[in-house]
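Next comes data-v6.cif, with mmCIF, C-alpha atoms.
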```cif
data_input
loop_
_atom_site.label_atom_id
_atom_site.label_comp_id
_atom_site.auth_asym_id
_atom_site.auth_seq_id
_atom_site.Cartn_x
_atom_site.Cartn_y
_atom_site.Cartn_z
CA MET U 648 -27.47 -14.55 -5.97
CA ALA U 649 -29.19 -16.34 -3.15
CA LEU U 650 -30.96 -19.68 -3.49
CA ASP U 651 -34.28 -18.54 -4.88
CA SER U 652 -33.84 -15.10 -6.35
CA LYS U 653 -37.53 -14.72 -7.13
CA ASN U 654 -39.05 -15.54 -3.77
CA GLY U 655 -39.25 -12.49 -1.55
CA ALA U 656 -41.02 -14.04 1.42
CA ILE U 657 -39.53 -12.78 4.68
CA GLU U 658 -39.51 -14.63 7.96
CA LEU U 659 -38.24 -13.36 11.28
CA VAL U 660 -37.74 -16.07 13.90
CA SER U 661 -37.72 -14.56 17.42
CA VAL U 662 -35.31 -11.82 16.42
CA THR U 663 -33.82 -9.78 19.24
CA LYS U 664 -31.55 -6.79 18.94
CA ARG U 665 -29.76 -5.19 21.85
CA PHE U 666 -27.65 -2.04 21.78
CA GLY U 667 -25.65 -2.40 24.98
CA ASP U 668 -28.24 -2.63 27.76
CA MET U 669 -31.06 -1.29 25.67
CA VAL U 670 -33.34 -3.78 23.98
CA ALA U 671 -34.43 -2.29 20.66
CA VAL U 672 -36.27 -5.33 19.29
CA ASP U 673 -37.52 -7.99 21.70
CA SER U 674 -37.96 -11.47 20.14
CA VAL U 675 -40.08 -10.48 17.21
CA SER U 676 -41.46 -13.23 15.00
CA LEU U 677 -42.99 -12.16 11.76
CA ARG U 678 -43.93 -13.70 8.46
CA ILE U 679 -44.35 -11.57 5.35
CA PRO U 680 -45.49 -13.53 2.27
CA HIS U 681 -43.96 -12.92 -1.12
CA GLY U 682 -45.30 -10.12 -3.27
CA VAL U 683 -47.21 -8.13 -0.67
CA TYR U 684 -47.07 -4.50 0.36
CA CYS U 685 -46.43 -4.69 4.09
CA CYS U 686 -46.36 -1.71 6.40
CA LEU U 687 -44.82 -1.62 9.86
CA LEU U 688 -46.49 1.07 11.91
CA GLY U 689 -45.77 2.39 15.36
CA PRO U 690 -44.51 5.37 17.31
CA SER U 691 -40.92 6.49 16.76
CA GLY U 692 -38.38 4.57 18.81
CA CYS U 693 -40.37 1.34 18.90
CA GLY U 694 -37.81 -0.55 16.81
CA LYS U 695 -39.35 -0.67 13.36
CA THR U 696 -36.33 0.97 11.72
CA THR U 697 -34.08 -1.56 13.47
CA ILE U 698 -36.19 -4.42 12.09
CA LEU U 699 -35.94 -2.96 8.61
CA ARG U 700 -32.19 -2.46 8.91
CA MET U 701 -31.76 -6.05 10.10
CA ILE U 702 -33.70 -7.36 7.10
CA ALA U 703 -31.50 -5.19 4.87
CA GLY U 704 -28.30 -6.46 6.49
CA HIS U 705 -27.13 -3.13 7.88
CA GLU U 706 -27.60 -4.43 11.40
CA THR U 707 -26.97 -7.92 12.78
CA PRO U 708 -29.55 -9.48 15.09
CA THR U 709 -28.27 -10.27 18.57
CA GLN U 710 -30.43 -13.40 18.60
CA GLY U 711 -32.78 -15.12 16.21
CA GLU U 712 -32.77 -15.66 12.51
CA ILE U 713 -33.94 -13.86 9.39
CA ARG U 714 -34.97 -15.88 6.37
CA ILE U 715 -35.69 -14.55 2.94
CA GLY U 716 -37.14 -16.91 0.36
CA GLY U 717 -36.92 -19.72 2.89
CA ALA U 718 -33.15 -19.52 3.44
CA SER U 719 -31.24 -17.87 6.27
CA VAL U 720 -29.45 -14.71 5.19
CA ALA U 721 -27.15 -14.38 8.20
CA GLY U 722 -23.89 -12.73 7.21
CA GLU U 723 -24.94 -12.05 3.61
CA THR U 724 -24.46 -8.67 1.94
CA PRO U 725 -27.57 -6.66 0.96
CA LEU U 726 -26.99 -7.48 -2.70
CA ARG U 727 -26.80 -11.22 -2.09
CA ARG U 728 -29.90 -11.04 0.09
CA GLY U 729 -31.76 -9.59 -2.87
CA THR U 730 -32.93 -6.66 -0.80
CA ALA U 731 -32.70 -3.00 -1.69
CA MET U 732 -33.33 -0.14 0.65
CA MET U 733 -34.79 3.28 0.06
CA PHE U 734 -33.36 5.44 2.81
CA GLN U 735 -35.06 8.07 4.84
CA ALA U 736 -34.12 11.42 3.26
CA TYR U 737 -33.05 9.21 0.30
CA ALA U 738 -29.24 9.51 0.74
CA LEU U 739 -28.75 10.27 -2.96
CA PHE U 740 -25.05 10.80 -3.66
CA PRO U 741 -24.77 14.60 -3.89
CA HIS U 742 -21.74 14.60 -6.22
CA LEU U 743 -23.27 12.34 -8.86
CA SER U 744 -25.89 13.19 -11.48
CA VAL U 745 -29.30 11.56 -11.34
CA LEU U 746 -28.24 9.12 -14.05
CA ASP U 747 -25.01 8.18 -12.27
CA ASN U 748 -26.91 7.76 -9.01
CA VAL U 749 -29.24 5.26 -10.62
CA ALA U 750 -26.38 3.52 -12.44
CA PHE U 751 -24.21 3.31 -9.30
CA SER U 752 -24.90 -0.34 -8.54
CA LEU U 753 -24.13 -1.35 -12.13
CA LYS U 754 -20.88 0.58 -12.01
CA MET U 755 -19.87 -1.31 -8.86
CA ARG U 756 -20.60 -4.54 -10.71
CA GLY U 757 -18.24 -3.43 -13.46
CA LEU U 758 -20.65 -2.90 -16.35
CA ASP U 759 -19.30 -0.59 -19.03
CA ARG U 760 -20.52 2.97 -19.33
CA ALA U 761 -22.86 2.65 -22.31
CA GLU U 762 -24.56 -0.45 -20.97
CA ARG U 763 -25.18 0.88 -17.48
CA GLN U 764 -26.40 4.25 -18.74
CA LYS U 765 -28.86 2.56 -21.08
CA GLU U 766 -30.25 0.47 -18.26
CA ALA U 767 -30.41 3.44 -15.89
CA ARG U 768 -32.24 5.54 -18.49
CA GLU U 769 -34.84 2.83 -18.94
CA LEU U 770 -35.50 2.77 -15.22
CA LEU U 771 -35.58 6.57 -15.04
CA SER U 772 -38.24 6.66 -17.73
CA LYS U 773 -40.24 4.16 -15.66
CA VAL U 774 -40.40 6.72 -12.84
CA ARG U 775 -40.88 9.46 -15.48
CA LEU U 776 -37.67 11.34 -14.74
CA ASP U 777 -35.64 10.65 -17.89
CA HIS U 778 -35.51 14.35 -18.79
CA PHE U 779 -33.77 15.10 -15.47
CA ALA U 780 -30.98 12.56 -15.99
CA ASP U 781 -28.15 15.12 -16.02
CA ARG U 782 -29.23 17.09 -12.99
CA LEU U 783 -27.69 16.87 -9.56
CA PRO U 784 -29.95 15.61 -6.75
CA ALA U 785 -29.89 19.03 -5.07
CA GLN U 786 -31.63 20.48 -8.15
CA LEU U 787 -34.67 18.25 -7.76
CA SER U 788 -37.75 18.62 -5.59
CA GLY U 789 -38.44 16.21 -2.75
CA GLY U 790 -40.86 14.11 -4.74
CA GLN U 791 -38.46 13.86 -7.67
CA GLN U 792 -35.59 12.90 -5.36
CA GLN U 793 -37.73 10.13 -4.01
CA ARG U 794 -38.40 8.75 -7.45
CA VAL U 795 -34.66 8.80 -8.15
CA ALA U 796 -34.09 6.88 -4.92
CA LEU U 797 -36.72 4.38 -6.00
CA ALA U 798 -35.07 3.90 -9.39
CA ARG U 799 -31.65 3.57 -7.78
CA ALA U 800 -32.90 0.85 -5.44
CA LEU U 801 -34.79 -1.03 -8.16
CA ILE U 802 -31.83 -1.29 -10.53
CA THR U 803 -30.42 -4.12 -8.42
CA ASN U 804 -33.49 -6.22 -9.35
CA PRO U 805 -34.35 -6.87 -5.71
CA ARG U 806 -36.92 -9.38 -4.53
CA VAL U 807 -37.57 -7.23 -1.47
CA LEU U 808 -37.71 -3.45 -1.38
CA LEU U 809 -37.35 -1.87 2.05
CA LEU U 810 -38.67 1.66 2.46
CA ASP U 811 -37.66 3.69 5.50
CA GLU U 812 -40.37 6.30 6.12
CA PRO U 813 -40.77 7.01 2.40
CA LEU U 814 -43.48 9.62 2.81
CA SER U 815 -42.33 11.54 5.87
CA ALA U 816 -40.44 14.23 3.96
CA LEU U 817 -43.31 15.03 1.57
CA ASP U 818 -46.25 17.39 1.88
CA GLU U 819 -49.83 16.14 2.11
CA TYR U 820 -50.55 16.33 -1.62
CA LEU U 821 -47.36 14.55 -2.70
CA ARG U 822 -47.81 12.00 0.06
CA LEU U 823 -51.11 10.83 -1.40
CA ARG U 824 -49.70 10.72 -4.89
CA MET U 825 -46.52 8.88 -3.93
CA ARG U 826 -48.50 6.36 -1.90
CA GLY U 827 -50.49 5.52 -5.02
CA GLU U 828 -47.38 5.44 -7.15
CA LEU U 829 -45.53 3.09 -4.80
CA ARG U 830 -48.53 0.78 -4.69
CA ARG U 831 -48.75 0.76 -8.47
CA MET U 832 -45.00 0.05 -8.71
CA GLN U 833 -45.29 -2.81 -6.26
CA LYS U 834 -48.15 -4.42 -8.21
CA GLN U 835 -46.31 -4.00 -11.47
CA LEU U 836 -43.07 -5.53 -10.20
CA GLY U 837 -44.68 -8.20 -8.06
CA ILE U 838 -41.96 -8.05 -5.41
CA THR U 839 -42.28 -7.64 -1.64
CA PHE U 840 -42.41 -4.09 -0.32
CA VAL U 841 -41.78 -3.54 3.37
CA CYS U 842 -42.52 0.00 4.38
CA ILE U 843 -42.34 1.74 7.72
CA GLY U 844 -44.21 4.87 8.68
CA SER U 845 -44.85 6.71 11.90
CA ASP U 846 -48.37 7.71 11.01
CA MET N 687 8.61 31.59 20.42
CA PRO N 688 7.27 28.23 21.63
CA GLY N 689 8.01 26.66 18.26
CA LEU N 690 11.70 27.06 18.92
CA PHE N 691 11.42 25.13 22.19
CA VAL N 692 9.66 22.25 20.45
CA SER N 693 12.42 22.30 17.88
CA LEU N 694 15.06 22.34 20.62
CA GLY N 695 13.41 19.44 22.45
CA ILE N 696 13.05 17.26 19.39
CA GLY N 697 16.57 18.11 18.26
CA LEU N 698 17.98 17.17 21.68
CA VAL N 699 16.06 13.90 21.84
CA PHE N 700 17.34 12.94 18.40
CA GLN N 701 20.88 13.76 19.49
CA MET N 702 20.57 11.75 22.72
CA LEU N 703 19.25 8.77 20.78
CA ASP N 704 22.11 9.19 18.35
CA LEU N 705 19.80 9.72 15.38
CA SER N 706 20.62 12.19 12.63
CA THR N 707 18.14 15.04 12.17
CA THR N 708 16.77 15.42 8.66
CA TRP N 709 14.22 17.72 7.02
CA TYR N 710 12.09 14.75 5.96
CA GLY N 711 12.29 13.06 9.39
CA SER N 712 12.66 15.10 12.53
CA ALA N 713 11.69 18.42 10.91
CA LEU N 714 8.57 16.87 9.41
CA GLY N 715 7.69 15.51 12.85
CA ALA N 716 8.25 18.91 14.46
CA GLN N 717 5.98 20.51 11.87
CA LEU N 718 3.33 17.87 12.44
CA THR N 719 3.16 18.77 16.16
CA TRP N 720 1.91 22.12 14.92
CA THR N 721 -0.23 21.30 11.86
CA LEU N 722 -1.70 17.91 12.83
CA PRO N 723 -3.94 19.23 15.66
CA TYR N 724 -5.42 21.85 13.33
CA GLY N 725 -5.86 19.34 10.53
CA LEU N 726 -7.51 16.89 12.91
CA LEU N 727 -9.85 19.59 14.20
CA ILE N 728 -11.01 20.50 10.69
CA MET N 729 -11.36 16.85 9.69
CA PHE N 730 -13.61 16.31 12.72
CA ALA N 731 -15.85 19.09 11.45
CA VAL N 732 -15.77 17.73 7.87
CA LEU N 733 -16.57 14.16 8.91
CA GLY N 734 -19.13 15.36 11.46
CA ARG N 735 -21.11 16.85 8.60
CA PHE N 736 -20.75 13.67 6.53
CA ASN N 737 -23.96 11.67 6.51
CA ARG N 738 -23.29 7.99 7.21
CA ALA N 739 -26.39 7.08 5.20
CA TYR N 740 -24.35 7.70 2.01
CA GLU N 741 -22.01 4.87 3.00
CA GLU N 742 -24.89 2.59 3.87
CA ALA N 743 -26.58 3.35 0.57
CA ALA N 744 -23.34 2.46 -1.23
CA SER N 745 -23.07 -0.89 0.56
CA ASP N 746 -26.73 -1.50 -0.09
CA LEU N 747 -26.08 -1.07 -3.81
CA GLY N 748 -23.31 -3.67 -3.72
CA ALA N 749 -20.19 -1.56 -3.28
CA THR N 750 -17.25 -3.22 -1.53
CA ASN N 751 -15.57 -1.29 1.29
CA TRP N 752 -12.87 -0.07 -1.05
CA GLN N 753 -15.35 0.97 -3.77
CA ARG N 754 -17.40 2.78 -1.16
CA LEU N 755 -14.38 4.80 -0.06
CA GLN N 756 -13.29 5.50 -3.63
CA HIS N 757 -16.64 6.40 -5.21
CA VAL N 758 -18.64 7.86 -2.32
CA THR N 759 -16.77 8.87 0.83
CA LEU N 760 -13.66 10.45 -0.69
CA PRO N 761 -15.43 12.50 -3.41
CA ILE N 762 -17.87 13.90 -0.86
CA VAL N 763 -15.24 14.93 1.71
CA LEU N 764 -12.61 15.94 -0.89
CA PRO N 765 -13.21 19.72 -0.62
CA GLY N 766 -12.59 19.43 3.12
CA ILE N 767 -9.39 17.46 2.57
CA ILE N 768 -8.10 20.05 0.08
CA GLY N 769 -8.94 22.77 2.61
CA VAL N 770 -7.00 20.94 5.30
CA ALA N 771 -4.02 20.53 2.96
CA LEU N 772 -3.93 24.23 2.01
CA PHE N 773 -4.38 25.37 5.59
CA GLY N 774 -1.73 22.96 6.84
CA PHE N 775 0.71 24.14 4.21
CA THR N 776 0.19 27.80 5.12
CA LEU N 777 0.64 27.09 8.81
CA SER N 778 3.74 25.02 8.24
CA TYR N 779 5.32 27.43 5.76
CA ASP N 780 5.02 30.22 8.30
CA GLU N 781 6.39 28.23 11.21
CA PHE N 782 10.10 27.98 10.51
CA PRO N 783 11.22 28.09 14.20
CA ARG N 784 10.15 24.45 14.57
CA THR N 785 12.48 23.47 11.77
CA VAL N 786 15.55 25.45 12.90
CA LEU N 787 17.10 22.78 15.11
CA THR N 788 15.58 19.71 13.49
CA SER N 789 16.25 20.04 9.77
CA GLY N 790 19.77 18.60 9.84
CA SER N 791 22.35 19.47 7.24
CA SER N 792 20.12 20.85 4.48
CA ASN N 793 17.78 23.81 4.84
CA THR N 794 14.11 24.05 4.02
CA LEU N 795 12.97 26.99 1.89
CA PRO N 796 11.63 29.12 4.78
CA LEU N 797 14.91 28.56 6.66
CA GLU N 798 16.86 29.54 3.56
CA ILE N 799 14.81 32.72 3.19
CA TRP N 800 15.27 33.54 6.83
CA ALA N 801 19.02 33.11 6.50
CA MET N 802 19.01 35.36 3.45
CA THR N 803 17.24 38.18 5.30
CA THR N 804 20.38 38.61 7.41
CA ASP N 805 22.33 39.15 4.21
CA VAL N 806 20.37 41.92 2.46
CA THR N 807 22.85 42.38 -0.35
CA SER N 808 21.94 39.05 -1.95
CA PRO N 809 19.53 39.47 -4.89
CA ALA N 810 18.55 35.80 -4.52
CA LEU N 811 16.27 36.82 -1.65
CA PHE N 812 14.22 39.03 -3.95
CA ALA N 813 14.17 36.35 -6.63
CA VAL N 814 12.87 33.77 -4.15
CA GLY N 815 10.35 36.29 -2.80
CA THR N 816 9.07 36.99 -6.31
CA VAL N 817 8.78 33.30 -7.17
CA THR N 818 6.87 32.52 -3.96
CA THR N 819 4.51 35.46 -4.45
CA VAL N 820 3.83 34.59 -8.09
CA ILE N 821 3.19 30.93 -7.26
CA SER N 822 0.84 31.96 -4.44
CA PHE N 823 -1.11 34.20 -6.79
CA ILE N 824 -1.32 31.44 -9.38
CA VAL N 825 -2.67 29.00 -6.77
CA ILE N 826 -5.22 31.55 -5.53
CA GLY N 827 -6.24 32.38 -9.10
CA LEU N 828 -6.64 28.70 -10.00
CA ALA N 829 -8.77 28.04 -6.94
CA LEU N 830 -11.04 31.01 -7.60
CA THR N 831 -11.49 30.31 -11.32
CA SER N 832 -12.23 26.62 -10.75
CA ILE N 833 -14.88 27.52 -8.17
CA ALA N 834 -16.38 30.09 -10.58
CA LEU N 835 -16.33 27.56 -13.43
CA ILE N 836 -18.06 24.88 -11.38
CA GLU N 837 -20.72 27.39 -10.28
CA ARG N 838 -21.37 28.56 -13.84
CA HIS N 839 -21.49 25.00 -15.13
CA ARG N 840 -24.10 24.12 -12.51
CA VAL N 841 -26.22 27.21 -13.17
CA ARG N 842 -26.16 26.62 -16.93
CA ARG N 843 -27.13 23.02 -16.48
CA ALA N 844 -29.98 24.00 -14.17
CA VAL N 845 -31.22 26.65 -16.62
CA SER N 846 -31.13 24.37 -19.67
CA VAL N 847 -32.91 21.60 -17.78
CA GLY N 848 -35.45 24.11 -16.46
CA LYS N 849 -36.27 25.18 -20.02
CA SER N 850 -36.77 21.65 -21.27
CA ALA N 851 -38.97 20.96 -18.26
CA THR N 852 -41.31 23.85 -18.98
CA VAL N 853 -41.61 22.79 -22.61
CA SER N 854 -42.57 19.21 -21.84
#
```

What's the structure tokens form of this structure?
Amino acid sequence: MALDSKNGAIELVSVTKRFGDMVAVDSVSLRIPHGVYCCLLGPSGCGKTTILRMIAGHETPTQGEIRIGGASVAGETPLRRGTAMMFQAYALFPHLSVLDNVAFSLKMRGLDRAERQKEARELLSKVRLDHFADRLPAQLSGGQQQRVALARALITNPRVLLLDEPLSALDEYLRLRMRGELRRMQKQLGITFVCIGSD
Amino acid sequence: MPGLFVSLGIGLVFQMLDLSTTWYGSALGAQLTWTLPYGLLIMFAVLGRFNRAYEEAASDLGATNWQRLQHVTLPIVLPGIIGVALFGFTLSYDEFPRTVLTSGSSNTLPLEIWAMTTDVTSPALFAVGTVTTVISFIVIGLALTSIALIERHRVRRAVSVGKSATVS
């Protein structure tokens, strides 16, 4: 784990990202304190997804530095950064059951089957989906899939949770409910949530 | 019969380079000139449908590159790979002209069968024909039953979960 695994304060120091000639993010400086629910808003194509992906470590900044918990995270893997990402459209593994999706990270770490399933079940009950553990993602509704994605991201015990347009795939009713649920989750866990939305 | 010309060309090149033609070397290469383009084409379609976000999600959850390939990428594209393998085999099995001048001293099965057809009195031809047909039917039967089993398993699981959901 990184230096201070509890502190999820994020700092961007004049971060620039270029894709060829195109400048996606132009020297952005940003400070997000630990334990807040931060939303990046803006029209599509303005670079908010790129910022999120750079914080997550899926994209490397062309210039500038990203610090999490006060230390630079350049070149670190997402797991060592202590970040977890909830992807747009969730990217749940279609060939794995809900339980195995949530337990995926533990399996990669080499935990044995009983241990990782126990932990995954606990997290599933936190998002109130324990009775769907044996289903495949395709057999769940959009809102349920999202809660699975949330559980799968949280099992890594992140200090920062990054949410890529978490509400865009939901209808109006679910959107309101999920917004409340995410907020409640964030307060309960006390970690930093960085969320992007186009509305 | 363009396959024969490919076979002739490859056979000649091997002879000029003073290499011996073998079924596992030059004949395999000659077959690949026929099956590889098709396989590549299908793999493009399979991988084009593959969502890169799955791989990113795997890395995000701490998978190494090798784990990502083993636990995420391969299982998701596996049906496509099996399809490519079956299709490639069918194409290759049918295309004996490409093997005629490149297989060296020992024959492949299609070449053997072809040679037998000129000698109708041999009962071995019918034996080989029967064996090939039976094996083909077994493979088709296995594929169909496994698909049916997977479908039924999924439906049953969905139904049982649906029941428990309405109760709770």

| said: For a quick test of understanding: name the residues of chain N lying within 6 Å of chain U when counting all atoms listed in the file, and present them as a list in words. | reply: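 Close to chain U, chain N has Ala739, Tyr740, Asp746, Leu747, Gly748 and Ala749 of chain N.
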
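Our summary of the geometry notes that atom CA of U:Thr663 is positioned 11.3 Å from atom CA of U:Glu706.
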
| query | Quick one, how far is atom CA of U:Gln710 from atom CA of U:Phe840? | reply |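 Between these atoms lies a distance of 24.3 Å.
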
| field | Closest of N:Gly815, N:Pro809, N:Gly689, N:Gly790 to N:Trp709 - atom-to-atom distances counting all atoms listed in the file | value |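 Looking only at the distances to N:Trp709, the closest residue turns out to be N:Gly790.
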
| task | Report the distance between atom CA of N:Val825 and atom CA of N:Asp780 in Å, rounded to one decimal place. | result |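 So the answer is 17.0 Å.
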
| message | Would you pick out the contacts of stretch 792-794 of chain N at 10 Å or less, using all atoms listed in the file, so that residues sharing its chain but fewer than 2 positions from it are not included, and give the list as a PyMOL selection string? | response | chain N and resi 707-710+713+779+782+785-786+788-790+796-801

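On the file presented, the PyMOL selection byres ((chain N and resi 693) around 10) picks out Pro688, Gly689, Leu690, Phe691, Val692, Leu694, Gly695, Ile696, Gly697, Leu698, Val699, Ser712, Ala713, Gly715, Ala716, Gln717, Phe782, Pro783, Arg784, Thr785, Val786, Leu787, Thr788 and Ser789 of chain N.
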
Starting from the incomplete input, reconstruct N, CA and C atoms of stretch 692-723 of chain N and write that as a PDB file, in the frame of the given file.
```pdb
ATOM      1  N   VAL N 692      10.013  23.573  20.975  1.00  0.00           N
ATOM      2  CA  VAL N 692       9.660  22.250  20.450  1.00  0.00           C
ATOM      3  C   VAL N 692      10.811  21.735  19.595  1.00  0.00           C
ATOM      4  N   SER N 693      11.308  22.641  18.763  1.00  0.00           N
ATOM      5  CA  SER N 693      12.420  22.300  17.880  1.00  0.00           C
ATOM      6  C   SER N 693      13.629  21.866  18.699  1.00  0.00           C
ATOM      7  N   LEU N 694      13.921  22.634  19.747  1.00  0.00           N
ATOM      8  CA  LEU N 694      15.060  22.340  20.620  1.00  0.00           C
ATOM      9  C   LEU N 694      14.890  20.967  21.257  1.00  0.00           C
ATOM     10  N   GLY N 695      13.684  20.722  21.791  1.00  0.00           N
ATOM     11  CA  GLY N 695      13.410  19.440  22.450  1.00  0.00           C
ATOM     12  C   GLY N 695      13.583  18.275  21.520  1.00  0.00           C
ATOM     13  N   ILE N 696      12.972  18.380  20.339  1.00  0.00           N
ATOM     14  CA  ILE N 696      13.050  17.260  19.390  1.00  0.00           C
ATOM     15  C   ILE N 696      14.486  17.060  18.919  1.00  0.00           C
ATOM     16  N   GLY N 697      15.163  18.196  18.673  1.00  0.00           N
ATOM     17  CA  GLY N 697      16.570  18.110  18.260  1.00  0.00           C
ATOM     18  C   GLY N 697      17.411  17.415  19.304  1.00  0.00           C
ATOM     19  N   LEU N 698      17.199  17.771  20.593  1.00  0.00           N
ATOM     20  CA  LEU N 698      17.980  17.170  21.680  1.00  0.00           C
ATOM     21  C   LEU N 698      17.712  15.671  21.798  1.00  0.00           C
ATOM     22  N   VAL N 699      16.424  15.326  21.729  1.00  0.00           N
ATOM     23  CA  VAL N 699      16.060  13.900  21.840  1.00  0.00           C
ATOM     24  C   VAL N 699      16.726  13.099  20.730  1.00  0.00           C
ATOM     25  N   PHE N 700      16.697  13.648  19.504  1.00  0.00           N
ATOM     26  CA  PHE N 700      17.340  12.940  18.400  1.00  0.00           C
ATOM     27  C   PHE N 700      18.833  12.772  18.648  1.00  0.00           C
ATOM     28  N   GLN N 701      19.457  13.816  19.222  1.00  0.00           N
ATOM     29  CA  GLN N 701      20.880  13.760  19.490  1.00  0.00           C
ATOM     30  C   GLN N 701      21.189  12.712  20.562  1.00  0.00           C
ATOM     31  N   MET N 702      20.350  12.701  21.628  1.00  0.00           N
ATOM     32  CA  MET N 702      20.570  11.750  22.720  1.00  0.00           C
ATOM     33  C   MET N 702      20.384  10.314  22.229  1.00  0.00           C
ATOM     34  N   LEU N 703      19.475  10.124  21.307  1.00  0.00           N
ATOM     35  CA  LEU N 703      19.250   8.770  20.780  1.00  0.00           C
ATOM     36  C   LEU N 703      20.214   8.449  19.651  1.00  0.00           C
ATOM     37  N   ASP N 704      21.092   9.384  19.382  1.00  0.00           N
ATOM     38  CA  ASP N 704      22.110   9.190  18.350  1.00  0.00           C
ATOM     39  C   ASP N 704      21.499   9.010  16.970  1.00  0.00           C
ATOM     40  N   LEU N 705      20.417   9.749  16.710  1.00  0.00           N
ATOM     41  CA  LEU N 705      19.800   9.720  15.380  1.00  0.00           C
ATOM     42  C   LEU N 705      20.159  11.019  14.675  1.00  0.00           C
ATOM     43  N   SER N 706      20.307  10.949  13.352  1.00  0.00           N
ATOM     44  CA  SER N 706      20.620  12.190  12.630  1.00  0.00           C
ATOM     45  C   SER N 706      19.306  12.923  12.318  1.00  0.00           C
ATOM     46  N   THR N 707      19.332  14.242  12.486  1.00  0.00           N
ATOM     47  CA  THR N 707      18.140  15.040  12.170  1.00  0.00           C
ATOM     48  C   THR N 707      18.107  15.324  10.683  1.00  0.00           C
ATOM     49  N   THR N 708      16.926  15.167  10.093  1.00  0.00           N
ATOM     50  CA  THR N 708      16.770  15.420   8.660  1.00  0.00           C
ATOM     51  C   THR N 708      15.516  16.248   8.436  1.00  0.00           C
ATOM     52  N   TRP N 709      15.427  16.921   7.285  1.00  0.00           N
ATOM     53  CA  TRP N 709      14.220  17.720   7.020  1.00  0.00           C
ATOM     54  C   TRP N 709      13.007  16.842   6.783  1.00  0.00           C
ATOM     55  N   TYR N 710      13.240  15.616   6.241  1.00  0.00           N
ATOM     56  CA  TYR N 710      12.090  14.750   5.960  1.00  0.00           C
ATOM     57  C   TYR N 710      11.749  13.854   7.152  1.00  0.00           C
ATOM     58  N   GLY N 711      12.576  13.878   8.219  1.00  0.00           N
ATOM     59  CA  GLY N 711      12.290  13.060   9.390  1.00  0.00           C
ATOM     60  C   GLY N 711      11.908  13.906  10.576  1.00  0.00           C
ATOM     61  N   SER N 712      12.915  14.364  11.299  1.00  0.00           N
ATOM     62  CA  SER N 712      12.660  15.100  12.530  1.00  0.00           C
ATOM     63  C   SER N 712      11.955  16.433  12.273  1.00  0.00           C
ATOM     64  N   ALA N 713      12.328  17.130  11.185  1.00  0.00           N
ATOM     65  CA  ALA N 713      11.690  18.420  10.910  1.00  0.00           C
ATOM     66  C   ALA N 713      10.225  18.226  10.538  1.00  0.00           C
ATOM     67  N   LEU N 714       9.958  17.164   9.774  1.00  0.00           N
ATOM     68  CA  LEU N 714       8.570  16.870   9.410  1.00  0.00           C
ATOM     69  C   LEU N 714       7.757  16.586  10.673  1.00  0.00           C
ATOM     70  N   GLY N 715       8.365  15.807  11.592  1.00  0.00           N
ATOM     71  CA  GLY N 715       7.690  15.510  12.850  1.00  0.00           C
ATOM     72  C   GLY N 715       7.417  16.768  13.650  1.00  0.00           C
ATOM     73  N   ALA N 716       8.409  17.650  13.708  1.00  0.00           N
ATOM     74  CA  ALA N 716       8.250  18.910  14.460  1.00  0.00           C
ATOM     75  C   ALA N 716       7.137  19.750  13.863  1.00  0.00           C
ATOM     76  N   GLN N 717       7.049  19.754  12.525  1.00  0.00           N
ATOM     77  CA  GLN N 717       5.980  20.510  11.870  1.00  0.00           C
ATOM     78  C   GLN N 717       4.612  19.891  12.148  1.00  0.00           C
ATOM     79  N   LEU N 718       4.607  18.550  12.208  1.00  0.00           N
ATOM     80  CA  LEU N 718       3.330  17.870  12.440  1.00  0.00           C
ATOM     81  C   LEU N 718       2.772  18.185  13.830  1.00  0.00           C
ATOM     82  N   THR N 719       3.660  18.419  14.830  1.00  0.00           N
ATOM     83  CA  THR N 719       3.160  18.770  16.160  1.00  0.00           C
ATOM     84  C   THR N 719       2.371  20.070  16.108  1.00  0.00           C
ATOM     85  N   TRP N 720       2.584  20.832  15.064  1.00  0.00           N
ATOM     86  CA  TRP N 720       1.910  22.120  14.920  1.00  0.00           C
ATOM     87  C   TRP N 720       0.688  22.020  13.993  1.00  0.00           C
ATOM     88  N   THR N 721       0.840  21.312  12.859  1.00  0.00           N
ATOM     89  CA  THR N 721      -0.230  21.300  11.860  1.00  0.00           C
ATOM     90  C   THR N 721      -1.245  20.186  12.088  1.00  0.00           C
ATOM     91  N   LEU N 722      -0.793  19.053  12.671  1.00  0.00           N
ATOM     92  CA  LEU N 722      -1.700  17.910  12.830  1.00  0.00           C
ATOM     93  C   LEU N 722      -2.920  18.237  13.691  1.00  0.00           C
ATOM     94  N   PRO N 723      -2.742  18.922  14.857  1.00  0.00           N
ATOM     95  CA  PRO N 723      -3.940  19.230  15.660  1.00  0.00           C
ATOM     96  C   PRO N 723      -4.957  20.056  14.882  1.00  0.00           C
TER      97      PRO N 723
END
```
